[in-house]
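Asker: I have a structure I would like to understand better, so I am pasting it below and will then ask my questions one at a time.
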Amino acid sequence: MKQLLDNEKHSASENIKKITLFDLDHTLFDSASFRQSLFKLLAKNIGKEELIEESQRLYETLLANDGVFNPDKFLSILLEKVEATHKKAELMDIIFDDNHLKEFIHTDVLTSLTKIAQISEIGLFSQGEEKMQRAKIKSIQHFFAKEKIHISINKKSEIKKIFGLYNDYQVFFVDDVLPVLAAVHVHNPAIVTVWIKRGKYAQLQQPLEDFTAHATILSLTELVPIIEKGTN
């Protein structure tokens with residue numbers, strides 16, 4: 001009888017749908033390296049070396065004020081600051097260049113998502129300006145069903161709405177920001193929270209007194225066995 005119950009339990013657990021939702025910046029995409037490269041390209045194109053530092057200062061100011069990087073607003077202010085006569089459309093093409101963007105997908109992403117796709121559906125829950133975020137994932141968008149790509153200006157305000165879509169799933173959520181993971185845990189403690197400790201925000205974060213992620217990883221290659229095991 002015990003063996004029968006164990007078999008039924010195992011069979012039921014195998015039938016549970018799984019979905020893994022990923023953050024984008026620092027989790028899948030090396031945003032810091034992208035910005036360093038981008039600011040150099042913009043400075044070279046405009047012909048003003050001082051533009052590199054000016055771009056970084058402006059980026060940090062806009063991020064602090066708006067919470068996201070808006071390329072159109074960034075370029076408008078930058079060109080005015082440096083009194084450049086370049087057409088904004090030409091510089092926008094530099095920002096959204098597909099070949100440049102795909103260089104900054106983390107090296108462990110393709111292999112890991114290929115393996116994860118065999119055991120879990122895959123989605124995205126990212127904070128940012130929509131056009132920019134979609135451009136970042138263009139080279140890997142085939143891993144995500146269209147309806148499972150969620151991009152928000154403020155992730156915390158969307159947690160209830162987005163995760164409510166997956167009440168019938170065992171959900172895994174991977175992010176580099178502990179407070180976001182903590183907020184997801186408060187919303188639904190059954191969600192498996194995974195802290196990927198890479199990127200400047202993860203490295204600077206201190207542990208939270210009232211929250212510990214279910215797992216902490218340094219690379220997405222560590223994620224496959226966590227999803228395979230689930231909460232069984």
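We name chains A, B, ... following the order of the structure tokens; residues begin at 1 in each chain, and ligands are numbered from 1 as shown.
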Write out as a count of residues only the residues lying within 10 Å of Asn167 (chain A), counting only C-alpha atoms and excluding same-chain residues fewer than 5 positions away.
Answerer: 3
Asker: For Pro225 (chain A), please output as a list of chain:residue names all residues within 12 Å (counting only C-alpha atoms; exclusion window: fewer than 6 positions along the same chain).
Answerer: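 In the requested format, the answer is A:Ser112, A:Lys115, A:Ile116, A:Ile119, A:Ser120, A:Ala215, A:Ile217, A:Thr231.
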Asker: Generate a file of the selected residues that holds N, CA and C atoms, formatted as a PDB file, in the first residue's frame.
Answerer:
```
ATOM      1  N   SER A 112      21.966  26.716 -20.818  1.00  0.00           N
ATOM      2  CA  SER A 112      21.068  26.508 -19.673  1.00  0.00           C
ATOM      3  C   SER A 112      19.609  26.546 -20.085  1.00  0.00           C
ATOM      4  N   LYS A 115      18.481  23.363 -21.814  1.00  0.00           N
ATOM      5  CA  LYS A 115      18.216  22.266 -20.885  1.00  0.00           C
ATOM      6  C   LYS A 115      16.936  22.511 -20.081  1.00  0.00           C
ATOM      7  N   ILE A 116      16.758  23.744 -19.636  1.00  0.00           N
ATOM      8  CA  ILE A 116      15.589  24.061 -18.819  1.00  0.00           C
ATOM      9  C   ILE A 116      14.306  23.903 -19.621  1.00  0.00           C
ATOM     10  N   ILE A 119      12.404  20.675 -19.241  1.00  0.00           N
ATOM     11  CA  ILE A 119      11.772  20.293 -17.977  1.00  0.00           C
ATOM     12  C   ILE A 119      10.820  21.355 -17.432  1.00  0.00           C
ATOM     13  N   SER A 120      10.769  22.520 -18.093  1.00  0.00           N
ATOM     14  CA  SER A 120       9.953  23.612 -17.577  1.00  0.00           C
ATOM     15  C   SER A 120       9.609  24.571 -18.708  1.00  0.00           C
ATOM     16  N   ALA A 215      17.246  29.154  -2.931  1.00  0.00           N
ATOM     17  CA  ALA A 215      18.561  28.746  -3.435  1.00  0.00           C
ATOM     18  C   ALA A 215      19.339  29.982  -3.871  1.00  0.00           C
ATOM     19  N   ILE A 217      22.617  30.923  -6.422  1.00  0.00           N
ATOM     20  CA  ILE A 217      23.480  30.370  -7.458  1.00  0.00           C
ATOM     21  C   ILE A 217      24.384  31.465  -8.014  1.00  0.00           C
ATOM     22  N   THR A 231       9.843  21.156  -5.473  1.00  0.00           N
ATOM     23  CA  THR A 231       9.540  21.159  -4.039  1.00  0.00           C
ATOM     24  C   THR A 231       9.083  19.793  -3.558  1.00  0.00           C
TER      25      THR A 231
END
```
Asker: From the options A:Ser139, A:Thr216, A:Ser126, A:Asn65, which residue's atoms come nearest to Ile196 (chain A), counting only C-alpha atoms?
Answerer: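 Once distances to Ile196 (chain A) are computed over only C-alpha atoms, the minimum belongs to A:Thr216.
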Asker: Kindly provide the residues of region 116-232 of chain A that approach region 22-31 of chain A to within 10 Å, each paired with its closest atom pair and their distance in Å to one decimal, based on only C-alpha atoms, listed by chain and increasing number, as a Markdown table.
Answerer:
```
| residue | atom | partner | partner_atom | distance |
| --- | --- | --- | --- | --- |
| A:Ile122 | CA | A:Phe22 | CA | 7.8 |
| A:Gly123 | CA | A:Phe22 | CA | 6.3 |
| A:Leu124 | CA | A:Phe22 | CA | 4.8 |
| A:Phe125 | CA | A:Asp23 | CA | 5.3 |
| A:Ser126 | CA | A:Asp23 | CA | 5.0 |
| A:Gln127 | CA | A:Asp23 | CA | 7.9 |
| A:Gly128 | CA | A:Asp25 | CA | 9.0 |
| A:Gln133 | CA | A:Leu24 | CA | 7.8 |
| A:Arg134 | CA | A:Leu24 | CA | 9.9 |
| A:Lys136 | CA | A:Phe29 | CA | 7.2 |
| A:Ile137 | CA | A:Phe29 | CA | 8.0 |
| A:Ile140 | CA | A:Leu28 | CA | 9.7 |
| A:Ile149 | CA | A:Phe22 | CA | 9.5 |
| A:His150 | CA | A:Asp23 | CA | 9.7 |
| A:Ile151 | CA | A:Asp23 | CA | 9.5 |
| A:Lys155 | CA | A:Asp23 | CA | 9.9 |
| A:Phe172 | CA | A:Phe22 | CA | 8.4 |
| A:Phe173 | CA | A:Phe22 | CA | 6.0 |
| A:Val174 | CA | A:Phe22 | CA | 5.0 |
| A:Asp175 | CA | A:Asp23 | CA | 5.0 |
| A:Asp176 | CA | A:Thr27 | CA | 6.2 |
| A:Val177 | CA | A:Asp23 | CA | 9.1 |
| A:Val194 | CA | A:Phe22 | CA | 9.6 |
| A:Trp195 | CA | A:Thr27 | CA | 9.3 |
| A:Ile196 | CA | A:Thr27 | CA | 6.7 |
| A:Lys197 | CA | A:Thr27 | CA | 8.6 |
| A:Arg198 | CA | A:His26 | CA | 6.5 |
| A:Gly199 | CA | A:His26 | CA | 5.2 |
| A:Lys200 | CA | A:His26 | CA | 8.3 |
| A:Tyr201 | CA | A:His26 | CA | 8.7 |
| A:Ala202 | CA | A:His26 | CA | 8.8 |
| A:Leu218 | CA | A:Thr27 | CA | 9.9 |
| A:Ser219 | CA | A:Thr27 | CA | 8.9 |
| A:Leu220 | CA | A:Thr27 | CA | 8.3 |
```
Asker: Using CA of Leu58 (chain A) and CA of Phe96 (chain A) as the two end points, give the distance in Å to one decimal.
Answerer: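 Between CA of Leu58 (chain A) and CA of Phe96 (chain A) the gap is 18.6 Å.
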Asker: Do you know which residues are at most 10 Å from Glu54 (chain A) counting only C-alpha atoms, after dropping those on the same chain fewer than 5 positions away, and could you put them as a list in words?
Answerer: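 Here the answer would be Phe39, Ala43, Glu49, Tyr59, Leu78, Lys81 and Val82 of chain A.
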Asker: Going by DSSP on the backbone, which bits of region 112-212 of chain A are strand (DSSP E)? Write them as a short mmCIF file (atom, residue, chain, number, x, y, z; two decimals) with C-alpha atoms, in the first residue's frame, please.
Answerer:
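Once written, selection_32.cif looks like this:
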```
data_model
loop_
_atom_site.label_atom_id
_atom_site.label_comp_id
_atom_site.auth_asym_id
_atom_site.auth_seq_id
_atom_site.Cartn_x
_atom_site.Cartn_y
_atom_site.Cartn_z
CA GLU A 121 8.16 26.31 -19.49
CA ILE A 122 10.15 29.53 -19.60
CA GLY A 123 9.00 33.10 -19.04
CA LEU A 124 10.41 36.57 -18.41
CA PHE A 125 9.56 39.05 -15.67
CA SER A 126 11.68 42.13 -16.22
CA GLN A 127 11.73 45.76 -15.17
CA ILE A 149 7.06 37.77 -21.56
CA HIS A 150 6.20 40.33 -18.86
CA ILE A 151 7.95 43.70 -18.86
CA SER A 152 7.06 46.31 -16.27
CA TYR A 169 2.08 25.92 -12.04
CA GLN A 170 4.96 25.14 -9.80
CA VAL A 171 6.80 28.43 -10.24
CA PHE A 172 10.53 29.13 -10.08
CA PHE A 173 11.67 32.76 -10.10
CA VAL A 174 15.27 33.80 -10.75
CA ASP A 175 16.42 37.35 -9.98
CA VAL A 192 10.73 28.76 -5.46
CA THR A 193 12.91 31.87 -5.26
CA VAL A 194 16.42 31.67 -6.69
CA TRP A 195 18.95 34.44 -6.12
CA ILE A 196 21.55 34.62 -8.88
#
```
Asker: Nearest residue to Leu101 (chain A) out of A:Ser33, A:Ser55, A:Asn154, A:Asn45, using only C-alpha atoms?
Answerer: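 The closest residue to Leu101 (chain A) is A:Ser33.
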Asker: Between A:Val180, A:Ile95, A:Ile77, A:Leu223, which is the closest to Lys131 (chain A) once you count only C-alpha atoms?
Answerer: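 Using only C-alpha atoms, Lys131 (chain A) sits closest to A:Ile95.
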Asker: With only C-alpha atoms as the basis for distance, which of A:Ile52, A:Leu178, A:Leu91, A:Leu165 is at the shortest distance from Gln206 (chain A)?
Answerer: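 Among the listed residues, the smallest separation from Gln206 (chain A) belongs to A:Leu178.
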